[in-house]
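Next comes target_17.csv, a file with CSV, C-alpha atoms.
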chain,number,residue,atom,x,y,z
A,1,MET,CA,46.9,16.6,-23.0
A,2,LEU,CA,46.2,20.3,-22.4
A,3,TYR,CA,42.9,19.9,-24.3
A,4,LYS,CA,41.8,17.1,-22.1
A,5,GLN,CA,42.7,19.1,-18.9
A,6,ILE,CA,40.7,22.1,-20.2
A,7,SER,CA,37.7,19.9,-21.0
A,8,LEU,CA,37.8,18.3,-17.5
A,9,TRP,CA,38.0,21.8,-15.9
A,10,ILE,CA,35.0,22.9,-18.0
A,11,LEU,CA,33.0,19.8,-16.9
A,12,LEU,CA,33.9,20.5,-13.3
A,13,LEU,CA,32.8,24.1,-13.5
A,14,LEU,CA,29.6,23.1,-15.2
A,15,TRP,CA,28.8,20.5,-12.5
A,16,SER,CA,29.6,23.0,-9.8
A,17,ALA,CA,27.3,25.5,-11.3
A,18,PHE,CA,24.6,22.9,-11.7
A,19,ALA,CA,25.0,21.7,-8.1
A,20,GLN,CA,24.8,25.3,-6.8
A,21,GLY,CA,21.7,25.9,-9.0
A,22,GLN,CA,20.0,22.8,-7.5
A,23,ASP,CA,20.9,23.9,-4.0
A,24,SER,CA,19.4,27.3,-4.8
A,25,VAL,CA,16.2,25.7,-6.0
A,26,TYR,CA,15.9,23.7,-2.8
A,27,LYS,CA,16.4,26.8,-0.6
A,28,GLN,CA,13.8,28.7,-2.6
A,29,LEU,CA,11.3,25.9,-2.4
A,30,GLN,CA,11.9,25.1,1.3
A,31,THR,CA,11.5,28.8,2.1
A,32,GLN,CA,8.2,28.8,0.3
A,33,LEU,CA,7.0,25.8,2.3
A,34,ILE,CA,7.9,27.7,5.5
A,35,MET,CA,6.6,31.1,4.6
A,36,VAL,CA,3.5,30.3,2.6
A,37,ALA,CA,0.4,31.9,4.0
A,38,ASP,CA,-2.7,29.9,4.8
A,39,GLY,CA,-4.8,29.5,1.6
A,40,GLY,CA,-1.7,29.8,-0.7
A,41,THR,CA,-0.5,27.8,-3.6
A,42,ILE,CA,3.1,26.7,-4.3
A,43,GLU,CA,3.8,26.1,-8.0
A,44,LEU,CA,6.6,23.7,-8.8
A,45,PRO,CA,8.2,24.4,-12.1
A,46,ALA,CA,8.8,21.9,-14.9
A,47,GLY,CA,12.1,20.1,-14.8
A,48,THR,CA,14.1,17.5,-12.9
A,49,TYR,CA,15.6,18.8,-9.6
A,50,TYR,CA,18.1,16.9,-7.4
A,51,PHE,CA,17.8,17.6,-3.7
A,52,LYS,CA,20.1,16.5,-0.8
A,53,LYS,CA,17.6,17.2,2.0
A,54,SER,CA,14.0,16.5,2.8
A,55,LEU,CA,11.4,19.2,2.0
A,56,SER,CA,9.0,19.8,4.9
A,57,MET,CA,5.9,21.8,5.8
A,58,GLU,CA,4.2,22.1,9.2
A,59,GLY,CA,1.1,23.7,10.6
A,60,LYS,CA,-0.3,25.0,7.4
A,61,ASN,CA,-4.0,25.3,6.3
A,62,ASN,CA,-5.6,25.2,2.9
A,63,ILE,CA,-2.4,24.8,0.9
A,64,THR,CA,-1.9,23.4,-2.6
A,65,ILE,CA,1.5,22.2,-3.8
A,66,ARG,CA,1.2,21.8,-7.6
A,67,GLY,CA,3.6,20.6,-10.2
A,68,LYS,CA,3.3,20.9,-14.0
A,69,GLY,CA,2.6,17.3,-14.4
A,70,ILE,CA,3.6,13.8,-13.4
A,71,ASN,CA,6.1,13.6,-16.2
A,72,LYS,CA,7.2,17.2,-16.2
A,73,THR,CA,8.0,18.1,-12.6
A,74,ILE,CA,10.4,15.5,-11.0
A,75,LEU,CA,12.0,15.9,-7.6
A,76,ASN,CA,14.8,13.4,-7.3
A,77,PHE,CA,16.4,12.6,-3.9
A,78,LYS,CA,19.0,10.0,-5.1
A,79,LYS,CA,21.8,12.1,-3.5
A,80,GLN,CA,19.8,12.8,-0.3
A,81,GLN,CA,22.0,13.1,2.8
A,82,ALA,CA,19.5,14.4,5.4
A,83,GLY,CA,15.9,13.7,6.3
A,84,ALA,CA,13.8,10.6,6.6
A,85,GLU,CA,11.5,11.4,3.7
A,86,GLY,CA,11.4,13.1,0.4
A,87,ILE,CA,8.6,15.4,1.4
A,88,ARG,CA,7.1,15.6,4.9
A,89,VAL,CA,3.8,17.4,5.8
A,90,THR,CA,2.7,17.5,9.4
A,91,ASN,CA,-0.1,19.0,11.6
A,92,GLY,CA,-2.1,20.7,8.8
A,93,ASN,CA,-5.6,21.1,7.4
A,94,ASN,CA,-6.8,20.7,3.8
A,95,ILE,CA,-3.5,20.0,2.0
A,96,VAL,CA,-3.5,19.2,-1.7
A,97,LEU,CA,-0.4,17.7,-3.5
A,98,GLU,CA,-0.8,17.2,-7.2
A,99,GLY,CA,1.0,17.0,-10.5
A,100,PHE,CA,4.6,15.9,-9.8
A,101,THR,CA,6.9,12.9,-9.2
A,102,VAL,CA,9.2,12.1,-6.3
A,103,GLN,CA,12.1,9.7,-7.0
A,104,ASP,CA,14.6,7.8,-5.0
A,105,ALA,CA,13.9,9.2,-1.5
A,106,LEU,CA,16.2,8.0,1.2
A,107,GLY,CA,13.2,6.9,3.3
A,108,ASP,CA,9.5,7.3,2.5
A,109,ALA,CA,8.7,9.4,-0.6
A,110,ILE,CA,5.8,11.6,0.7
A,111,LYS,CA,4.7,11.4,4.3
A,112,VAL,CA,1.7,13.3,5.6
A,113,SER,CA,0.8,13.0,9.3
A,114,GLU,CA,-1.6,14.4,11.8
A,115,THR,CA,-3.5,16.2,9.1
A,116,GLU,CA,-7.2,16.6,8.4
A,117,GLY,CA,-8.1,16.9,4.7
A,118,VAL,CA,-5.4,15.4,2.4
A,119,VAL,CA,-5.5,15.0,-1.3
A,120,PHE,CA,-2.9,13.2,-3.4
A,121,ARG,CA,-3.7,13.6,-7.0
A,122,ARG,CA,-1.7,12.7,-10.1
A,123,ILE,CA,1.4,12.0,-8.0
A,124,ARG,CA,4.0,9.4,-8.8
A,125,THR,CA,6.5,7.9,-6.3
A,126,GLU,CA,9.2,5.6,-7.4
A,127,TRP,CA,12.6,4.2,-6.8
A,128,THR,CA,14.3,3.8,-10.1
A,129,GLY,CA,16.2,0.7,-11.2
A,130,THR,CA,15.5,-2.8,-10.0
A,131,PRO,CA,13.5,-2.8,-6.7
A,132,LYS,CA,15.7,-3.6,-3.7
A,133,ALA,CA,15.6,-3.8,0.1
A,134,SER,CA,17.5,-0.5,0.4
A,135,ASN,CA,14.6,1.4,-1.1
A,136,GLY,CA,12.3,3.5,1.1
A,137,ALA,CA,9.4,1.8,2.9
A,138,TYR,CA,6.4,3.7,1.5
A,139,GLY,CA,5.6,5.8,-1.5
A,140,LEU,CA,2.5,7.7,-0.5
A,141,TYR,CA,2.2,7.6,3.3
A,142,PRO,CA,-0.7,9.3,5.0
A,143,VAL,CA,-0.7,8.3,8.7
A,144,VAL,CA,-2.8,9.5,11.6
A,145,CYS,CA,-4.9,11.5,9.2
A,146,HIS,CA,-8.6,12.2,8.7
A,147,LYS,CA,-10.4,12.6,5.3
A,148,VAL,CA,-7.8,11.4,2.8
A,149,LEU,CA,-8.2,11.1,-1.0
A,150,VAL,CA,-5.7,9.3,-3.1
A,151,GLU,CA,-6.5,9.3,-6.8
A,152,HIS,CA,-4.8,8.9,-10.2
A,153,CYS,CA,-1.5,8.2,-8.5
A,154,GLU,CA,1.3,5.8,-9.3
A,155,ALA,CA,3.8,4.0,-7.0
A,156,ARG,CA,6.7,1.7,-7.7
A,157,GLY,CA,9.6,0.1,-5.8
A,158,ALA,CA,8.6,0.5,-2.2
A,159,THR,CA,9.9,-2.1,0.3
A,160,GLU,CA,6.6,-2.1,2.2
A,161,ALA,CA,3.8,-0.5,0.3
A,162,GLY,CA,3.4,1.8,-2.7
A,163,ILE,CA,0.3,3.4,-1.2
A,164,TYR,CA,-0.1,3.1,2.6
A,165,VAL,CA,-3.0,4.2,4.8
A,166,GLY,CA,-2.2,3.9,8.5
A,167,GLN,CA,-4.1,4.9,11.7
A,168,SER,CA,-6.4,7.1,9.6
A,169,GLN,CA,-10.1,7.6,9.2
A,170,ASP,CA,-12.4,8.2,6.2
A,171,VAL,CA,-10.1,7.4,3.3
A,172,ILE,CA,-10.6,6.8,-0.4
A,173,VAL,CA,-7.9,5.2,-2.7
A,174,ARG,CA,-9.0,5.1,-6.3
A,175,TYR,CA,-7.9,5.1,-10.0
A,176,CYS,CA,-4.3,4.4,-9.0
A,177,GLU,CA,-1.6,2.1,-10.5
A,178,VAL,CA,0.9,0.3,-8.3
A,179,ASP,CA,3.6,-2.1,-9.5
A,180,GLN,CA,6.8,-3.7,-8.3
A,181,ASN,CA,6.2,-2.9,-4.6
A,182,VAL,CA,6.3,-5.4,-1.9
A,183,ALA,CA,2.6,-4.5,-1.2
A,184,GLY,CA,0.8,-2.5,-3.8
A,185,ILE,CA,-1.8,-0.9,-1.4
A,186,GLN,CA,-1.8,-1.4,2.4
A,187,VAL,CA,-4.6,-0.4,4.8
A,188,GLU,CA,-3.4,-0.8,8.4
A,189,ASN,CA,-5.3,0.0,11.6
A,190,SER,CA,-7.7,2.4,9.7
A,191,LEU,CA,-11.4,3.1,10.0
A,192,ARG,CA,-13.8,3.6,7.1
A,193,VAL,CA,-11.7,3.1,3.9
A,194,ASP,CA,-12.8,2.6,0.3
A,195,VAL,CA,-10.3,1.1,-2.2
A,196,TYR,CA,-11.6,0.8,-5.7
A,197,HIS,CA,-10.9,1.0,-9.4
A,198,ASN,CA,-7.2,0.5,-9.0
A,199,LEU,CA,-4.7,-1.5,-11.2
A,200,VAL,CA,-2.6,-3.6,-8.8
A,201,ASN,CA,-0.1,-5.4,-11.0
A,202,ASN,CA,3.2,-7.2,-10.5
A,203,ASN,CA,3.7,-6.5,-6.8
A,204,ALA,CA,4.8,-9.2,-4.4
A,205,MET,CA,1.3,-8.9,-2.9
A,206,GLY,CA,-1.6,-6.8,-4.1
A,207,ILE,CA,-3.7,-5.3,-1.4
A,208,LEU,CA,-3.3,-5.9,2.4
A,209,VAL,CA,-5.9,-5.0,5.0
A,210,PHE,CA,-4.8,-5.7,8.6
A,211,ASN,CA,-4.6,-4.6,12.2
A,212,LEU,CA,-1.4,-4.7,14.2
A,213,PRO,CA,-1.3,-4.8,18.0
A,214,ALA,CA,-0.2,-2.0,20.3
A,215,ILE,CA,-1.9,0.7,18.1
A,216,SER,CA,-4.9,2.6,19.6
A,217,LEU,CA,-7.0,2.7,16.4
A,218,HIS,CA,-8.4,-0.7,15.5
A,219,GLY,CA,-9.4,-0.8,11.8
A,220,LYS,CA,-12.7,-1.9,10.4
A,221,LYS,CA,-15.4,-0.9,7.9
A,222,ILE,CA,-13.2,-1.3,4.8
A,223,ARG,CA,-14.5,-1.9,1.3
A,224,VAL,CA,-12.2,-3.2,-1.5
A,225,TYR,CA,-14.0,-3.4,-4.8
A,226,LYS,CA,-13.8,-3.2,-8.6
A,227,ASN,CA,-10.0,-3.5,-8.5
A,228,ASN,CA,-7.9,-5.4,-11.1
A,229,LEU,CA,-5.3,-7.6,-9.3
A,230,TYR,CA,-3.0,-9.1,-11.9
A,231,ARG,CA,0.2,-11.2,-11.6
A,232,ASN,CA,1.2,-10.1,-8.1
A,233,ASN,CA,4.1,-12.6,-8.0
A,234,TYR,CA,7.0,-10.2,-7.7
A,235,LYS,CA,9.8,-11.2,-5.3
A,236,ASN,CA,9.3,-10.1,-1.7
A,237,PHE,CA,12.2,-7.8,-1.2
A,238,ALA,CA,11.1,-6.5,2.3
A,239,SER,CA,13.8,-6.4,5.0
A,240,GLN,CA,13.8,-9.2,7.5
A,241,GLY,CA,11.8,-8.5,10.7
A,242,ASN,CA,9.1,-6.6,8.8
A,243,TYR,CA,5.5,-7.9,9.0
A,244,VAL,CA,5.2,-7.9,5.2
A,245,ALA,CA,8.4,-10.0,4.9
A,246,THR,CA,6.4,-12.9,6.3
A,247,ILE,CA,3.6,-12.7,3.7
A,248,PRO,CA,4.2,-14.9,0.6
A,249,SER,CA,4.6,-13.5,-2.8
A,250,GLY,CA,1.7,-14.3,-5.1
A,251,THR,CA,-1.0,-12.9,-2.9
A,252,GLY,CA,-3.9,-10.9,-4.4
A,253,ILE,CA,-5.7,-9.6,-1.3
A,254,LEU,CA,-4.9,-10.5,2.3
A,255,VAL,CA,-7.1,-9.6,5.3
A,256,MET,CA,-5.5,-10.2,8.6
A,257,ALA,CA,-7.0,-9.6,12.1
A,258,ALA,CA,-9.5,-7.1,10.6
A,259,GLN,CA,-13.2,-6.8,11.0
A,260,GLU,CA,-16.0,-5.7,8.8
A,261,VAL,CA,-14.4,-5.9,5.4
A,262,GLU,CA,-16.2,-6.2,2.1
A,263,ILE,CA,-14.4,-7.6,-1.0
A,264,PHE,CA,-16.5,-7.5,-4.1
A,265,GLU,CA,-16.4,-7.2,-7.9
A,266,ASN,CA,-12.7,-7.5,-8.1
A,267,THR,CA,-10.8,-9.4,-10.9
A,268,PHE,CA,-8.0,-11.7,-9.7
A,269,ILE,CA,-5.7,-13.0,-12.6
A,270,ASN,CA,-2.6,-15.2,-12.1
A,271,ASN,CA,-1.8,-14.4,-8.4
A,272,HIS,CA,0.0,-17.7,-8.0
A,273,THR,CA,-0.3,-18.3,-4.2
A,274,VAL,CA,-3.8,-17.1,-3.3
A,275,GLY,CA,-6.4,-14.8,-4.7
A,276,THR,CA,-7.9,-13.8,-1.3
A,277,GLY,CA,-6.5,-14.8,2.1
A,278,ILE,CA,-8.4,-14.4,5.4
A,279,THR,CA,-6.2,-15.0,8.5
A,280,SER,CA,-5.8,-14.2,12.2
A,281,ASN,CA,-2.6,-12.6,13.4
A,282,TYR,CA,-1.6,-15.9,15.0
A,283,THR,CA,-0.4,-17.2,11.7
A,284,VAL,CA,2.2,-14.4,11.7
A,285,ASP,CA,2.9,-13.7,15.3
A,286,LYS,CA,1.5,-15.4,18.4
A,287,ARG,CA,2.9,-13.0,21.1
A,288,TYR,CA,0.0,-10.7,21.4
A,289,LYS,CA,-2.9,-12.9,22.3
A,290,LYS,CA,-3.9,-10.9,25.3
A,291,TYR,CA,-3.6,-7.5,23.9
A,292,TYR,CA,-5.8,-7.0,20.9
A,293,ASN,CA,-8.5,-8.6,18.8
A,294,ALA,CA,-6.3,-10.8,16.5
A,295,TYR,CA,-9.2,-12.5,14.7
A,296,ALA,CA,-10.7,-11.7,11.4
A,297,SER,CA,-14.5,-11.4,11.4
A,298,GLY,CA,-17.3,-10.0,9.4
A,299,ILE,CA,-15.6,-10.6,6.1
A,300,SER,CA,-17.9,-10.5,3.0
A,301,ILE,CA,-16.5,-11.8,-0.3
A,302,TYR,CA,-18.9,-11.7,-3.3
A,303,HIS,CA,-19.1,-11.2,-7.1
A,304,ASN,CA,-15.4,-11.5,-7.6
A,305,THR,CA,-13.7,-13.3,-10.6
A,306,TYR,CA,-10.8,-15.6,-10.1
A,307,GLN,CA,-8.4,-17.2,-12.6
A,308,ARG,CA,-4.9,-18.6,-12.2
A,309,GLU,CA,-2.2,-20.5,-14.0
A,310,LEU,CA,-1.6,-23.9,-12.4
A,311,LYS,CA,1.8,-23.2,-10.9
A,312,PRO,CA,3.4,-24.1,-7.5
A,313,THR,CA,2.6,-21.7,-4.6
A,314,VAL,CA,5.2,-19.8,-2.6
A,315,PHE,CA,4.0,-20.1,1.0
A,316,SER,CA,6.1,-18.6,3.8
A,317,ARG,CA,7.7,-20.5,6.6
A,318,ARG,CA,4.5,-20.2,8.7
A,319,PHE,CA,2.8,-22.3,6.1
A,320,SER,CA,5.7,-24.6,5.4
A,321,GLY,CA,3.5,-27.6,6.4
A,322,LEU,CA,0.8,-26.7,4.0
A,323,GLU,CA,1.2,-28.9,0.9
A,324,ILE,CA,-1.3,-28.4,-1.9
A,325,LYS,CA,-0.8,-29.5,-5.5
A,326,PRO,CA,-0.9,-26.6,-8.1
A,327,ASN,CA,-4.3,-27.7,-9.5
A,328,ALA,CA,-5.8,-27.8,-6.0
A,329,VAL,CA,-4.7,-24.4,-4.6
A,330,PRO,CA,-7.9,-22.6,-3.6
A,331,HIS,CA,-8.6,-19.1,-4.8
A,332,ILE,CA,-10.0,-18.1,-1.3
A,333,LEU,CA,-7.9,-19.4,1.6
A,334,PHE,CA,-9.1,-19.1,5.2
A,335,ASP,CA,-6.8,-20.1,8.1
A,336,GLY,CA,-9.8,-21.4,10.1
A,337,ILE,CA,-8.8,-19.6,13.3
A,338,THR,CA,-11.8,-18.0,15.0
A,339,ASN,CA,-12.4,-16.3,18.4
A,340,PRO,CA,-13.3,-19.0,20.9
A,341,ALA,CA,-15.1,-16.4,23.0
A,342,LYS,CA,-17.5,-15.7,20.2
A,343,PRO,CA,-18.6,-19.0,18.7
A,344,ALA,CA,-21.8,-17.5,17.1
A,345,GLN,CA,-19.9,-14.7,15.4
A,346,LYS,CA,-20.1,-14.7,11.6
A,347,VAL,CA,-16.5,-14.7,10.4
A,348,LEU,CA,-16.8,-15.1,6.7
A,349,CYS,CA,-19.6,-15.0,4.1
A,350,MET,CA,-19.1,-15.8,0.4
A,351,ARG,CA,-21.5,-15.8,-2.5
A,352,ASN,CA,-21.6,-15.6,-6.3
A,353,ASN,CA,-17.9,-15.7,-7.0
A,354,GLN,CA,-16.8,-16.9,-10.4
A,355,VAL,CA,-13.9,-19.3,-11.1
A,356,LEU,CA,-12.6,-19.4,-14.6
A,357,ASP,CA,-10.2,-22.3,-14.2
A,358,GLN,CA,-10.3,-25.8,-12.6
A,359,ALA,CA,-9.0,-24.9,-9.2
A,360,PRO,CA,-11.3,-25.0,-6.1
A,361,LEU,CA,-12.8,-21.7,-4.9
A,362,PHE,CA,-12.3,-22.1,-1.2
A,363,ALA,CA,-10.4,-24.0,1.5
A,364,ASP,CA,-10.3,-23.8,5.3
A,365,ILE,CA,-6.7,-24.9,5.8
A,366,ASP,CA,-6.9,-25.7,9.6
A,367,ALA,CA,-3.8,-23.7,10.4
A,368,ILE,CA,-4.2,-24.2,14.2
A,369,GLY,CA,-4.4,-27.9,13.7
A,370,GLY,CA,-1.2,-28.1,11.6
A,371,PHE,CA,-3.1,-28.3,8.2
A,372,LYS,CA,-4.3,-31.8,9.0
A,373,HIS,CA,-8.0,-31.3,8.3
A,374,ILE,CA,-8.3,-29.0,5.2
A,375,ARG,CA,-11.9,-28.5,4.3
A,376,LYS,CA,-13.1,-27.2,0.9
A,377,ASN,CA,-16.8,-27.1,1.5
A,378,GLU,CA,-17.8,-23.5,1.0
A,379,LYS,CA,-21.5,-24.1,1.6
A,380,LYS,CA,-20.9,-23.4,5.3
A,381,TYR,CA,-20.0,-19.9,4.4
A,382,ASN,CA,-22.8,-19.2,2.0
A,383,CYS,CA,-24.3,-16.3,3.8
A,384,THR,CA,-24.9,-12.5,3.7
A,385,LEU,CA,-23.6,-9.7,5.9
A,386,ARG,CA,-24.9,-6.2,6.0
A,387,LYS,CA,-23.4,-4.0,3.4
A,388,LEU,CA,-21.0,-1.3,4.6
A,389,ASP,CA,-21.6,2.4,3.9
A,390,LYS,CA,-19.8,4.4,1.3
A,391,VAL,CA,-17.0,6.7,2.4
A,392,TRP,CA,-17.8,10.3,1.8
A,393,LEU,CA,-15.3,13.1,1.7
A,394,ASN,CA,-15.7,16.9,1.3
A,395,SER,CA,-13.0,17.0,-1.4
A,396,GLU,CA,-15.0,14.7,-3.8
What would you get if you wrote out this structure as structure tokens?
Amino acid sequence: MLYKQISLWILLLLWSAFAQGQDSVYKQLQTQLIMVADGGTIELPAGTYYFKKSLSMEGKNNITIRGKGINKTILNFKKQQAGAEGIRVTNGNNIVLEGFTVQDALGDAIKVSETEGVVFRRIRTEWTGTPKASNGAYGLYPVVCHKVLVEHCEARGATEAGIYVGQSQDVIVRYCEVDQNVAGIQVENSLRVDVYHNLVNNNAMGILVFNLPAISLHGKKIRVYKNNLYRNNYKNFASQGNYVATIPSGTGILVMAAQEVEIFENTFINNHTVGTGITSNYTVDKRYKKYYNAYASGISIYHNTYQRELKPTVFSRRFSGLEIKPNAVPHILFDGITNPAKPAQKVLCMRNNQVLDQAPLFADIDAIGGFKHIRKNEKKYNCTLRKLDKVWLNSE
């Protein structure tokens, strides 16, 4: 009995020393983030560190925060008690984050806002265990930023998006891997964005490009190309009331209420509901008709490859009246809702897309008419739009 008591005391002493050591590491790192001079580098040592509070940095210029590697430096926030993010960076210029992992943040993993010049490189964000609604919303979360590069990053377990780009301009997302998020990559109300050479696998939905109302920046000029979108059929575990909670699992790419979007040279494999969806905002929320451009237009889809197993779709309640047999589900689905004030506007152009199964390539599902007149004739949309310009960043 005495031996067991001594062993328990030793364990408690060791845990107390470990906890104090972790608190000491947090204080040292947070002090560095406050005190670092412009142009400085903060080196994160190898190891796994457990923090109870957010780390934050504000108003800094030309700063690099560098770990020893994505598998070597791990910042774990599972016991977080304060702060809305794991790491928060605000109001800076030319900030580089690279070579570390952020796990189990109470809210978003890494949020960078109101910053010009942001690089996320070889960063992993994840919520460990089975993905669930109590996880944080976003993994990598640049918002209201200009000139953003996200490359060679990984994201897993986010309840909204593994990689999110919001209200930002001149952004590149490339060579990343996203899995088991509600949305793998989300581009929302952003201008001039390139998303390419990413592996988007086993999310509820792969890539979302959309505009929401009541936001000053209206997104357009977005290119999504040369991505592999495989098996994005994971359960949608977003919390109720969230926009992404209304989007059906099994979606490869969805464009909603966005203009000037190019989708080309992507590979879509076994996304069970739809490979590429083009919709207005009215299929999700009809309240904002007077306040913003809720129609998709200028969408160009070409040189993509589509293949899918013949399995039932998982349409949301907004599409509950849409009944399509598994072998008749189109790879490209258009809700058919266009702007009545601009009848001559080119909404959608498609050409040279390859289908490797027996399903039809395209359908206009007549959402506004209650799906009564579904049209599968794609010839109407065999046209060409002007190609969008490449996004250029100083950090490339």
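If you measure from each of A:Gly157, A:Gly369, A:Pro360, A:Gly166 to Ile215 of chain A using all atoms listed in the file, the closest one turns out to be A:Gly166.
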(request) Write out as a ChimeraX atom specification the residues lying within 8 Å of segment 91-104 of chain A, counting all atoms listed in the file and excluding same-chain residues fewer than 3 positions away. (result) /A:58-78,86,109-110,113-128,135-136
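Across the structure, atom CA of Tyr292 of chain A and atom CA of Val195 of chain A are spaced 24.9 Å apart.
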(request) Give me, please, the distance in Å between atom CA of Ile207 of chain A and atom CA of Gly241 of chain A, quoted to one decimal. (result) 19.9 Å
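In this structure, atom CA of Leu356 of chain A sits 7.4 Å away from atom CA of Thr305 of chain A.
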(request) Using all atoms listed in the file, pick whichever of A:Lys390, A:Lys226, A:His272, A:Lys221 has the shortest atom-to-atom distance to Gln259 of chain A. (result) A:Lys221
